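Here is entry.txt, consisting of compact mmCIF, C-alpha atoms:
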# COMPACT_ATOMS: atom_id res chain seq x y z
CA MET A 1 7.17 35.81 -45.63
CA ASN A 2 7.36 36.22 -41.88
CA GLU A 3 9.29 33.92 -39.59
CA THR A 4 6.39 32.09 -37.91
CA SER A 5 4.82 30.95 -41.17
CA THR A 6 8.19 29.66 -42.44
CA LEU A 7 8.59 27.78 -39.18
CA ARG A 8 5.11 26.34 -39.56
CA VAL A 9 5.89 25.15 -43.10
CA THR A 10 9.15 23.54 -41.92
CA ARG A 11 7.35 21.81 -39.09
CA ARG A 12 4.66 20.52 -41.45
CA THR A 13 7.32 19.25 -43.86
CA ILE A 14 9.07 17.41 -41.02
CA ALA A 15 5.75 15.96 -39.89
CA ARG A 16 4.89 14.86 -43.45
CA ARG A 17 8.28 13.27 -44.06
CA ARG A 18 8.12 11.40 -40.77
CA ALA A 19 4.53 10.28 -41.42
CA PHE A 20 5.60 8.97 -44.84
CA TRP A 21 8.38 6.79 -43.39
CA ALA A 22 6.17 5.66 -40.51
CA THR A 23 3.46 4.46 -42.91
CA PHE A 24 6.18 3.00 -45.19
CA LEU A 25 7.24 0.75 -42.30
CA MET A 26 3.63 -0.16 -41.59
CA GLY A 27 2.99 -1.02 -45.25
CA ALA A 28 6.06 -3.26 -45.44
CA ALA A 29 5.15 -5.00 -42.17
CA VAL A 30 1.52 -5.53 -43.23
CA MET A 31 2.67 -6.99 -46.58
CA ALA A 32 4.98 -9.36 -44.72
CA ALA A 33 2.12 -10.34 -42.42
CA VAL A 34 -0.19 -10.95 -45.41
CA ASP A 35 2.53 -13.15 -46.91
CA GLU A 36 2.82 -15.09 -43.67
CA ILE A 37 -0.92 -15.45 -43.00
CA VAL A 38 -2.30 -16.02 -46.53
CA PHE A 39 0.47 -18.00 -48.19
CA HIS A 40 1.98 -19.83 -45.22
CA GLN A 41 -1.05 -20.48 -43.00
CA LEU A 42 -4.13 -20.46 -45.27
CA LEU A 43 -2.99 -21.64 -48.71
CA ARG A 44 0.04 -23.55 -47.37
CA TRP A 45 1.88 -22.85 -50.62
CA HIS A 46 4.93 -21.69 -48.72
CA HIS A 47 6.71 -23.76 -46.15
CA PHE A 48 7.67 -22.65 -42.68
CA TYR A 49 11.10 -23.94 -43.58
CA ASP A 50 11.66 -26.13 -46.62
CA ARG A 51 14.97 -27.68 -45.42
CA SER A 52 16.76 -26.68 -48.62
CA THR A 53 17.49 -23.15 -47.43
CA THR A 54 21.13 -22.09 -47.20
CA ASP A 55 22.49 -20.95 -43.85
CA VAL A 56 22.81 -17.40 -45.16
CA GLY A 57 19.19 -17.53 -46.28
CA LEU A 58 18.06 -18.79 -42.90
CA VAL A 59 19.90 -16.06 -41.00
CA SER A 60 18.70 -13.33 -43.38
CA ASP A 61 15.16 -14.67 -42.97
CA GLY A 62 15.55 -14.38 -39.20
CA VAL A 63 16.77 -10.79 -39.42
CA LEU A 64 13.94 -9.97 -41.84
CA HIS A 65 11.42 -11.53 -39.47
CA ALA A 66 12.77 -9.44 -36.59
CA ALA A 67 12.67 -6.33 -38.79
CA GLU A 68 9.01 -7.03 -39.64
CA LEU A 69 8.01 -7.12 -35.99
CA VAL A 70 10.01 -3.96 -35.28
CA ALA A 71 8.61 -2.18 -38.36
CA LEU A 72 5.03 -2.87 -37.33
CA VAL A 73 5.44 -1.46 -33.80
CA ALA A 74 7.85 1.32 -34.80
CA GLY A 75 5.44 2.41 -37.58
CA PHE A 76 2.59 3.01 -35.13
CA PHE A 77 4.69 4.98 -32.66
CA LEU A 78 6.53 7.01 -35.34
CA LEU A 79 3.18 7.89 -36.94
CA ALA A 80 1.76 9.00 -33.58
CA ASP A 81 4.93 11.06 -33.10
CA ALA A 82 4.63 12.64 -36.57
CA LEU A 83 0.97 13.53 -36.01
CA ARG A 84 1.66 15.36 -32.76
CA ARG A 85 4.27 17.49 -34.57
CA GLY A 86 1.89 18.83 -37.20
CA ALA A 87 -1.03 18.11 -39.50
CA VAL A 88 -0.44 15.45 -42.16
CA ASP A 89 -2.80 14.80 -45.08
CA ALA A 90 -4.21 11.30 -45.54
CA LEU A 91 -2.72 10.90 -49.05
CA THR A 92 0.82 11.22 -47.74
CA MET A 93 0.15 8.40 -45.34
CA TRP A 94 -1.48 6.16 -47.97
CA SER A 95 1.43 6.91 -50.27
CA GLY A 96 3.92 5.76 -47.65
CA PHE A 97 1.86 2.67 -46.92
CA PHE A 98 1.67 1.52 -50.57
CA VAL A 99 5.30 2.35 -51.37
CA GLY A 100 6.32 0.33 -48.30
CA ALA A 101 4.06 -2.61 -49.22
CA GLY A 102 5.27 -2.61 -52.85
CA ALA A 103 8.94 -2.28 -51.90
CA PHE A 104 8.65 -5.23 -49.53
CA GLN A 105 6.86 -7.38 -52.12
CA ILE A 106 9.55 -6.69 -54.75
CA TRP A 107 12.33 -7.37 -52.23
CA ASP A 108 10.63 -10.61 -51.15
CA GLY A 109 10.13 -11.76 -54.75
CA LEU A 110 13.64 -10.98 -55.96
CA VAL A 111 16.01 -11.26 -52.98
CA ASP A 112 14.29 -13.74 -50.65
CA HIS A 113 12.88 -16.11 -53.26
CA LYS A 114 15.44 -15.89 -56.06
CA LEU A 115 18.75 -14.65 -54.65
CA LEU A 116 18.76 -16.21 -51.17
CA ARG A 117 16.23 -18.95 -52.04
CA VAL A 118 14.67 -18.89 -48.54
CA HIS A 119 11.59 -20.58 -50.00
CA GLN A 120 9.56 -20.50 -53.22
CA VAL A 121 6.09 -19.09 -53.97
CA ARG A 122 4.71 -22.56 -54.67
CA TYR A 123 6.09 -26.07 -54.98
CA ASP A 124 5.69 -28.70 -57.74
CA VAL A 125 4.57 -26.16 -60.35
CA VAL A 126 6.21 -24.13 -63.11
CA LEU A 127 7.53 -21.24 -61.03
CA LEU A 128 7.97 -18.47 -63.62
CA PRO A 129 4.34 -17.22 -63.81
CA TYR A 130 4.12 -17.20 -60.00
CA ASP A 131 7.39 -15.27 -59.68
CA VAL A 132 6.33 -12.75 -62.35
CA ALA A 133 2.92 -12.26 -60.69
CA TRP A 134 4.60 -11.85 -57.29
CA VAL A 135 6.99 -9.11 -58.43
CA ALA A 136 4.37 -7.46 -60.72
CA ALA A 137 2.00 -7.12 -57.75
CA GLY A 138 4.81 -5.36 -55.91
CA VAL A 139 5.43 -2.98 -58.83
CA VAL A 140 1.71 -2.11 -59.01
CA LEU A 141 1.61 -1.28 -55.29
CA LEU A 142 4.81 0.75 -55.52
CA VAL A 143 3.61 2.80 -58.53
CA LEU A 144 0.23 3.38 -56.86
CA GLY A 145 2.04 4.68 -53.78
CA LEU A 146 4.30 6.97 -55.81
CA LEU A 147 1.30 8.39 -57.72
CA LEU A 148 -0.53 9.14 -54.48
CA GLY A 149 2.61 10.83 -53.17
CA ARG A 150 2.97 12.95 -56.31
CA ARG A 151 -0.59 14.26 -55.96
CA THR A 152 0.04 15.45 -52.43
CA ASP A 153 3.25 17.18 -53.51
CA GLY A 154 1.23 19.06 -56.15
CA GLU A 155 -1.36 20.12 -53.60
CA ARG A 156 1.27 21.41 -51.25
CA THR A 157 2.98 23.74 -53.72
CA THR A 158 -0.24 25.29 -55.08
CA MET B 1 20.64 -33.31 -39.88
CA THR B 2 19.53 -36.09 -37.51
CA ASP B 3 18.76 -39.46 -39.05
CA ALA B 4 14.98 -39.81 -39.09
CA THR B 5 14.99 -43.59 -38.66
CA VAL B 6 17.21 -43.59 -35.58
CA VAL B 7 15.54 -40.82 -33.64
CA PRO B 8 12.17 -42.44 -32.77
CA VAL B 9 13.97 -45.54 -31.51
CA MET B 10 16.26 -43.45 -29.33
CA SER B 11 13.40 -41.42 -27.89
CA GLY B 12 11.55 -44.66 -27.18
CA VAL B 13 14.50 -45.89 -25.11
CA LEU B 14 14.75 -42.59 -23.31
CA SER B 15 11.05 -42.47 -22.47
CA VAL B 16 11.45 -45.74 -20.56
CA THR B 17 14.31 -44.38 -18.47
CA ARG B 18 12.41 -41.13 -17.95
CA GLU B 19 9.77 -42.90 -15.83
CA HIS B 20 12.42 -43.70 -13.23
CA ASP B 21 13.64 -40.14 -12.97
CA HIS B 22 10.64 -38.92 -10.98
CA GLY B 23 12.26 -39.80 -7.66
CA GLY B 24 11.30 -38.02 -4.44
CA ALA B 25 14.73 -36.43 -3.97
CA VAL B 26 14.67 -34.48 -7.25
CA ILE B 27 11.05 -33.41 -6.89
CA GLY B 28 12.08 -31.93 -3.57
CA VAL B 29 14.39 -29.47 -5.31
CA ALA B 30 11.50 -28.00 -7.31
CA TRP B 31 9.43 -27.52 -4.16
CA LEU B 32 12.46 -26.02 -2.40
CA LEU B 33 12.74 -23.44 -5.20
CA LEU B 34 9.20 -22.28 -4.44
CA LEU B 35 10.45 -20.92 -1.10
CA PRO B 36 12.45 -17.97 -2.50
CA LEU B 37 9.52 -17.24 -4.84
CA ALA B 38 7.13 -17.07 -1.88
CA LEU B 39 9.58 -14.86 0.04
CA ALA B 40 9.89 -12.53 -2.96
CA ALA B 41 6.10 -12.27 -3.17
CA VAL B 42 5.68 -11.53 0.55
CA ALA B 43 8.52 -8.96 0.58
CA TYR B 44 7.19 -7.11 -2.47
CA LEU B 45 3.50 -7.08 -1.52
CA GLY B 46 4.41 -6.10 2.03
CA ALA B 47 6.58 -3.19 0.86
CA ALA B 48 3.90 -2.06 -1.59
CA ALA B 49 1.23 -2.15 1.14
CA ALA B 50 3.50 -0.17 3.48
CA GLU B 51 4.13 2.35 0.71
CA ARG B 52 0.38 2.82 0.31
CA SER B 53 -0.35 3.14 4.02
CA HIS B 54 2.35 5.82 4.46
CA GLY B 55 0.34 7.77 1.93
CA ARG B 56 3.14 9.97 0.61
CA ARG B 57 3.21 8.44 -2.84
CA SER B 58 0.96 5.57 -3.82
CA TRP B 59 2.25 2.41 -5.43
CA PRO B 60 0.11 1.40 -8.46
CA TRP B 61 -1.89 -1.82 -7.99
CA TYR B 62 -0.96 -3.17 -11.43
CA ARG B 63 2.67 -3.46 -10.36
CA ASP B 64 1.56 -5.82 -7.55
CA VAL B 65 -0.37 -7.83 -10.14
CA ALA B 66 2.63 -7.95 -12.51
CA TRP B 67 4.99 -9.10 -9.74
CA SER B 68 2.60 -11.77 -8.43
CA ALA B 69 1.81 -13.03 -11.94
CA GLY B 70 5.52 -13.17 -12.85
CA LEU B 71 6.36 -15.23 -9.76
CA ALA B 72 3.31 -17.47 -10.23
CA ILE B 73 4.38 -18.21 -13.81
CA VAL B 74 7.86 -19.21 -12.65
CA ALA B 75 6.25 -21.48 -10.02
CA VAL B 76 4.06 -23.14 -12.66
CA THR B 77 7.15 -24.05 -14.70
CA LEU B 78 8.77 -25.68 -11.63
CA VAL B 79 5.94 -27.77 -10.15
CA GLY B 80 2.57 -28.99 -11.39
CA PRO B 81 1.19 -30.45 -14.61
CA LEU B 82 3.21 -28.25 -16.99
CA ALA B 83 6.48 -29.02 -15.21
CA ASP B 84 5.66 -32.75 -15.34
CA ALA B 85 4.77 -32.61 -19.04
CA ALA B 86 7.98 -30.68 -19.75
CA HIS B 87 10.01 -33.69 -18.60
CA GLY B 88 8.49 -35.90 -21.27
CA ASP B 89 7.82 -33.63 -24.23
CA LEU B 90 10.06 -31.04 -25.88
CA ALA B 91 7.07 -28.89 -26.97
CA ALA B 92 5.72 -28.69 -23.40
CA HIS B 93 9.26 -28.00 -22.27
CA MET B 94 9.41 -25.13 -24.77
CA VAL B 95 6.17 -23.66 -23.39
CA ALA B 96 7.75 -23.75 -19.91
CA HIS B 97 10.82 -21.99 -21.28
CA LEU B 98 8.84 -19.24 -23.00
CA LEU B 99 6.94 -18.62 -19.77
CA ALA B 100 9.98 -18.68 -17.47
CA GLY B 101 12.51 -17.03 -19.76
CA MET B 102 10.41 -14.41 -21.55
CA LEU B 103 6.92 -13.75 -20.14
CA ALA B 104 7.78 -13.95 -16.43
CA PRO B 105 10.83 -11.62 -16.75
CA LEU B 106 8.71 -9.09 -18.67
CA LEU B 107 6.14 -9.06 -15.84
CA LEU B 108 8.81 -8.93 -13.14
CA VAL B 109 10.56 -5.99 -14.82
CA ALA B 110 7.21 -4.21 -15.24
CA ALA B 111 6.72 -4.50 -11.48
CA ALA B 112 9.71 -2.14 -10.90
CA PRO B 113 11.10 -4.06 -7.88
CA VAL B 114 14.24 -1.90 -7.62
CA THR B 115 12.20 1.31 -7.43
CA LEU B 116 10.04 -0.20 -4.71
CA ALA B 117 13.10 -1.40 -2.79
CA LEU B 118 14.80 2.00 -2.98
CA ARG B 119 11.64 3.66 -1.66
CA SER B 120 10.97 1.17 1.12
CA LEU B 121 14.48 0.59 2.48
CA ASP B 122 16.08 2.81 5.11
CA VAL B 123 18.63 5.33 3.89
CA GLY B 124 21.66 3.12 4.66
CA PRO B 125 20.56 -0.08 2.90
CA ALA B 126 19.02 1.95 0.05
CA ARG B 127 22.33 3.69 -0.54
CA ARG B 128 24.13 0.34 -0.52
CA LEU B 129 21.62 -1.01 -3.05
CA SER B 130 22.11 1.91 -5.43
CA ARG B 131 25.90 1.54 -5.05
CA LEU B 132 25.51 -2.14 -5.92
CA LEU B 133 23.43 -1.24 -9.01
CA ALA B 134 26.11 1.19 -10.16
CA SER B 135 28.94 -1.31 -9.51
CA ALA B 136 31.08 -2.54 -12.38
CA PRO B 137 29.85 -6.19 -12.46
CA LEU B 138 26.18 -5.20 -12.62
CA ARG B 139 26.93 -2.49 -15.14
CA VAL B 140 28.49 -5.12 -17.39
CA LEU B 141 25.70 -7.67 -16.81
CA THR B 142 22.93 -5.17 -17.58
CA HIS B 143 24.59 -3.85 -20.75
CA PRO B 144 22.26 -4.81 -23.63
CA VAL B 145 25.00 -6.55 -25.63
CA VAL B 146 26.18 -8.66 -22.67
CA ALA B 147 22.66 -9.42 -21.39
CA ALA B 148 21.45 -10.43 -24.87
CA THR B 149 24.52 -12.60 -25.47
CA ILE B 150 23.94 -14.44 -22.18
CA ALA B 151 20.18 -14.84 -22.73
CA VAL B 152 20.22 -15.92 -26.39
CA GLY B 153 23.67 -17.55 -26.33
CA SER B 154 22.73 -19.93 -23.53
CA LEU B 155 19.63 -20.96 -25.50
CA TRP B 156 21.87 -21.91 -28.41
CA LEU B 157 24.02 -23.94 -26.01
CA LEU B 158 20.92 -25.68 -24.67
CA TYR B 159 19.20 -26.57 -27.92
CA ALA B 160 22.05 -27.13 -30.31
CA THR B 161 23.88 -29.52 -27.93
CA PRO B 162 22.98 -32.75 -26.02
CA LEU B 163 22.00 -30.55 -23.07
CA ALA B 164 18.48 -30.37 -24.58
CA ALA B 165 17.88 -34.07 -23.96
CA ALA B 166 19.48 -33.99 -20.50
CA MET B 167 17.32 -31.04 -19.53
CA ARG B 168 14.19 -32.83 -20.64
CA ASP B 169 15.04 -36.15 -19.02
CA VAL B 170 16.71 -35.12 -15.75
CA PRO B 171 14.42 -32.96 -13.57
CA LEU B 172 17.29 -31.35 -11.63
CA VAL B 173 18.87 -30.05 -14.85
CA HIS B 174 15.46 -28.75 -15.96
CA GLU B 175 15.07 -26.83 -12.69
CA LEU B 176 18.54 -25.32 -12.75
CA VAL B 177 18.01 -24.22 -16.33
CA ILE B 178 14.66 -22.63 -15.39
CA VAL B 179 16.40 -20.60 -12.67
CA HIS B 180 19.04 -19.57 -15.19
CA VAL B 181 16.57 -18.47 -17.89
CA VAL B 182 14.49 -16.46 -15.40
CA ILE B 183 17.57 -14.49 -14.29
CA ALA B 184 19.04 -14.14 -17.80
CA GLY B 185 15.63 -13.14 -19.15
CA TYR B 186 15.22 -10.55 -16.41
CA LEU B 187 18.62 -8.97 -17.08
CA PHE B 188 17.94 -8.88 -20.82
CA THR B 189 14.46 -7.34 -20.45
CA ALA B 190 15.74 -4.79 -17.92
CA SER B 191 18.57 -3.83 -20.30
CA ILE B 192 16.05 -3.07 -23.08
CA VAL B 193 13.24 -1.23 -21.27
CA SER B 194 13.72 1.19 -18.39
CA VAL B 195 11.08 0.74 -15.74
CA ASP B 196 13.56 0.77 -12.87
CA PRO B 197 16.31 3.39 -12.62
CA ALA B 198 19.43 2.18 -14.40
CA PRO B 199 22.62 4.18 -14.17
CA HIS B 200 24.44 4.13 -17.54
CA ARG B 201 21.36 3.22 -19.58
CA ALA B 202 22.33 2.51 -23.20
CA GLY B 203 20.92 4.71 -25.99
CA TYR B 204 17.81 3.88 -28.02
CA ALA B 205 19.73 2.98 -31.19
CA LEU B 206 21.97 0.45 -29.45
CA ARG B 207 19.07 -1.09 -27.55
CA LEU B 208 16.96 -1.37 -30.71
CA GLY B 209 19.87 -2.92 -32.64
CA VAL B 210 20.42 -5.52 -29.92
CA LEU B 211 16.69 -6.24 -29.80
CA VAL B 212 16.53 -6.86 -33.56
CA LEU B 213 19.51 -9.24 -33.43
CA ALA B 214 18.11 -11.05 -30.37
CA ILE B 215 14.72 -11.56 -32.04
CA ALA B 216 16.49 -12.74 -35.21
CA ALA B 217 18.68 -15.20 -33.30
CA HIS B 218 15.62 -16.50 -31.45
CA SER B 219 13.70 -17.14 -34.68
CA VAL B 220 16.71 -18.78 -36.38
CA LEU B 221 17.15 -21.08 -33.36
CA ALA B 222 13.43 -21.94 -33.48
CA LYS B 223 13.85 -23.04 -37.11
CA HIS B 224 17.00 -24.94 -36.13
CA VAL B 225 15.06 -26.87 -33.46
CA PHE B 226 12.29 -27.43 -36.07
CA ALA B 227 14.71 -28.78 -38.68
CA VAL B 228 17.44 -30.49 -36.67
CA ALA B 229 15.76 -32.32 -33.81
CA PRO B 230 17.87 -32.33 -30.62
CA THR B 231 19.34 -35.76 -29.87
CA GLY B 232 16.75 -38.21 -28.60
CA THR B 233 13.79 -36.18 -29.80
CA ALA B 234 11.31 -37.39 -32.42
CA ILE B 235 11.09 -35.20 -35.54
CA VAL B 236 7.37 -34.43 -35.00
CA GLU B 237 8.00 -33.43 -31.39
CA ALA B 238 10.90 -31.16 -32.41
CA GLU B 239 8.77 -29.56 -35.14
CA ARG B 240 6.04 -28.72 -32.64
CA ALA B 241 8.66 -27.37 -30.22
CA GLY B 242 10.16 -25.20 -32.98
CA LEU B 243 6.77 -23.73 -33.86
CA VAL B 244 5.97 -23.02 -30.19
CA MET B 245 9.32 -21.28 -29.83
CA TYR B 246 8.87 -19.26 -33.04
CA TYR B 247 5.31 -17.98 -32.59
CA GLY B 248 5.30 -17.87 -28.78
CA GLY B 249 8.54 -15.90 -28.89
CA ASP B 250 6.98 -13.48 -31.38
CA ALA B 251 4.07 -12.78 -29.05
CA VAL B 252 6.28 -11.85 -26.10
CA GLU B 253 8.75 -9.94 -28.31
CA LEU B 254 5.84 -7.88 -29.66
CA VAL B 255 4.94 -6.80 -26.12
CA LEU B 256 8.59 -6.00 -25.39
CA LEU B 257 8.79 -3.90 -28.59
CA ILE B 258 5.63 -1.99 -27.64
CA ALA B 259 7.12 -1.25 -24.20
CA PHE B 260 10.39 -0.11 -25.82
CA PHE B 261 8.74 2.24 -28.35
CA ALA B 262 6.25 3.56 -25.78
CA GLU B 263 9.26 4.60 -23.69
CA TRP B 264 10.83 6.34 -26.71
CA TYR B 265 7.49 8.03 -27.50
CA ARG B 266 7.19 9.42 -23.98
CA SER B 267 10.77 10.71 -23.84
CA ALA B 268 10.52 12.22 -27.36
CA GLY B 269 7.32 13.92 -26.21
CA ARG B 270 9.11 15.45 -23.23
CA ARG B 271 11.89 16.75 -25.49
CA LEU B 272 9.25 18.04 -27.91
CA ARG B 273 7.60 20.12 -25.18
CA VAL B 274 10.95 21.45 -23.96
CA GLY B 275 12.58 22.11 -27.35
CA GLY B 276 9.59 23.61 -29.17
CA GLY B 277 9.20 20.81 -31.66
CA HIS B 278 11.87 20.82 -34.34
CA ALA B 279 15.14 19.13 -35.22
CA LEU B 280 14.55 16.28 -32.82
CA PRO B 281 16.42 13.02 -33.20
CA GLY B 282 14.39 9.93 -34.00
CA PRO B 283 14.84 6.57 -32.32
CA GLY B 284 17.43 5.42 -34.85

Using structure tokens, write down the structure from this file.
Amino acid sequence: MNETSTLRVTRRTIARRRAFWATFLMGAAVMAAVDEIVFHQLLRWHHFYDRSTTDVGLVSDGVLHAAELVALVAGFFLLADALRRGAVDALTMWSGFFVGAGAFQIWDGLVDHKLLRVHQVRYDVVLLPYDVAWVAAGVVLLVLGLLLGRRTDGERTT
Amino acid sequence: MTDATVVPVMSGVLSVTREHDHGGAVIGVAWLLLLPLALAAVAYLGAAAAERSHGRRSWPWYRDVAWSAGLAIVAVTLVGPLADAAHGDLAAHMVAHLLAGMLAPLLLVAAAPVTLALRSLDVGPARRLSRLLASAPLRVLTHPVVAATIAVGSLWLLYATPLAAAMRDVPLVHELVIVHVVIAGYLFTASIVSVDPAPHRAGYALRLGVLVLAIAAHSVLAKHVFAVAPTGTAIVEAERAGLVMYYGGDAVELVLLIAFFAEWYRSAGRRLRVGGGHALPGPG
């Protein structure tokens, strides 16, 4: 192994790792946007604010909302930064995107809805099936993302 | 929470008194405030034109557009149909506030007025200006934490106290508050993105942290206005105002975030070219 090829591998690893976290942020932000657009605006299952939220829930929702906006913009610029550092395969980026989307969905289903009770998936219905479906969708996305990531790891070592 | 049955009655009473508030004397103040705006426009466009005719370095046309648009937006919140509507309706008032406190400052900062002033002024005044910018009071005021506390904190004072109703019903209070939010918004925006030279610019991590907290506080306040109508405001009116504040604020914050990360991207690119491309710190 000569020095330049080691350096190239290190640079590619840095680029891949950065691209993963950039697309992770984008995935989480897109999932949050889907939640906002589909369930708040179109279906109107969720409420903008259901007036039963605790103060802690309201503040955490505000921080989460700010984080969403930041994640969306930061994701684009971090990805552009990663790509100018070295080549990154598409699967790494899809992996990051789905892991991010799944992680957000699980967080939203467990912490926002159940722990902090910011709002519920739907009102005036039996909640359990909705909650299970919500978190299960997140698990599916997360596992899909991890599988995609594993395949790219395999490709890299061979 | 405000009692829903009392509020409409109260706002009905207030809307009667509001009609009498449009006296000539108070309207005069709004028109008087247009004078400094016009002076600022003439000074800037004149300096930019002079800069171009000297021909050493050109001054980009879009900065002229940003400056003029920023001033025009402030003017629209002081006189005209929007300013009139803002005296009667909290949602219209909120539109005026978004324009004056967020969009106009963003455009004014993008116009880089300090850079233009430093280039156009003679050596003596220019040196005094840069000394003023480096002075302790301005250093404190343009620190992200201080600037954000003033900008967002004063909004909390306005909307979570009876000031909200006074501001809507008494034109003079409305105008003074507009002047305040323009200046506070400018200082906050300038503390987050560097278009103009700023001695002692805070690091990316601190600026990003402040930005996240400011956006969070803004969205929490929007929900507070939505849920707990300010005194003398009908619930429906407050709900509309809260939504305007929430989504309108998002739109401007998105642009501010893009400007912030674009600045980071450019400076990281410069370091990348200098350092050969490894072990570079991220924005966090």

Compile the residues of chain A that lie within 6 Å of chain B, evaluated using all atoms listed in the file, and express the compilation as a PDB file with C-alpha atoms, keeping the file's coordinate frame.
ATOM      1  CA  GLY A  62      15.550 -14.380 -39.200  1.00  0.00           C
ATOM      2  CA  VAL A  63      16.770 -10.790 -39.420  1.00  0.00           C
ATOM      3  CA  ALA A  66      12.770  -9.440 -36.590  1.00  0.00           C
TER       4      ALA A  66
END

Residues near region 16-29 of chain A, cut-off 9 Å, only C-alpha atoms, skip fewer than 3 positions along chain, as a ChimeraX atom specification
/A:11-13,32-34,67-83,86-89,92-105

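Atom pair CA of Arg201 (chain B) / CA of Ala147 (chain B) has a distance of 12.8 Å (rounded to one decimal).
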
One residue among B:Gly124, B:Pro171, B:Pro199, B:Gly101 is nearest to His143 (chain B) when using all atoms listed in the file, and that residue is B:Pro199

Centre, edges in Å (one decimal): axis-aligned box, region 84-95 of chain B, 4 Å padding on all six sides, as JSON:
{"center_x": 7.4, "center_y": -29.8, "center_z": -21.2, "size_x": 13.3, "size_y": 20.2, "size_z": 19.6}

Considering all atoms listed in the file, return as an mmCIF file with C-alpha atoms, in the frame of the given file whatever protein or nucleic-acid residues lie within 7 Å of region 156-161 of chain B, sequence-local ones (same chain, fewer than 3 positions apart) excluded.
data_model
loop_
_atom_site.group_PDB
_atom_site.id
_atom_site.type_symbol
_atom_site.label_atom_id
_atom_site.label_comp_id
_atom_site.auth_asym_id
_atom_site.auth_seq_id
_atom_site.Cartn_x
_atom_site.Cartn_y
_atom_site.Cartn_z
ATOM 1 C CA VAL B 152 20.220 -15.920 -26.390
ATOM 2 C CA GLY B 153 23.670 -17.550 -26.330
ATOM 3 C CA ALA B 164 18.480 -30.370 -24.580
ATOM 4 C CA LEU B 221 17.150 -21.080 -33.360
ATOM 5 C CA VAL B 225 15.060 -26.870 -33.460
ATOM 6 C CA PRO B 230 17.870 -32.330 -30.620
#

May I ask which of the residues A:Asp35, A:Trp107, A:Leu64, A:Asp112 is the closest one to Gly138 (chain A), counting all atoms listed in the file?
A:Trp107

In Å and to one decimal, CA of Gly28 (chain B) is distant from CA of Val179 (chain B) by 15.2 Å

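CA of Ala117 (chain B) sits 26.8 Å away from CA of Arg270 (chain B).
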
Need the shell around Ala112 (chain B): protein/DNA/RNA residues with any atom at most 10 Å away, counting all atoms listed in the file. Skip same-chain ones fewer than 6 positions apart. Format as a PDB file with C-alpha atoms, in the frame of the given file?
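The resulting file, part33.pdb, is shown below:
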ATOM      1  CA  ARG B  63       2.670  -3.460 -10.360  1.00  0.00           C
ATOM      2  CA  ASP B  64       1.560  -5.820  -7.550  1.00  0.00           C
ATOM      3  CA  ALA B  66       2.630  -7.950 -12.510  1.00  0.00           C
ATOM      4  CA  TRP B  67       4.990  -9.100  -9.740  1.00  0.00           C
ATOM      5  CA  ALA B 190      15.740  -4.790 -17.920  1.00  0.00           C
ATOM      6  CA  SER B 194      13.720   1.190 -18.390  1.00  0.00           C
ATOM      7  CA  VAL B 195      11.080   0.740 -15.740  1.00  0.00           C
ATOM      8  CA  ASP B 196      13.560   0.770 -12.870  1.00  0.00           C
ATOM      9  CA  PRO B 197      16.310   3.390 -12.620  1.00  0.00           C
TER      10      PRO B 197
END
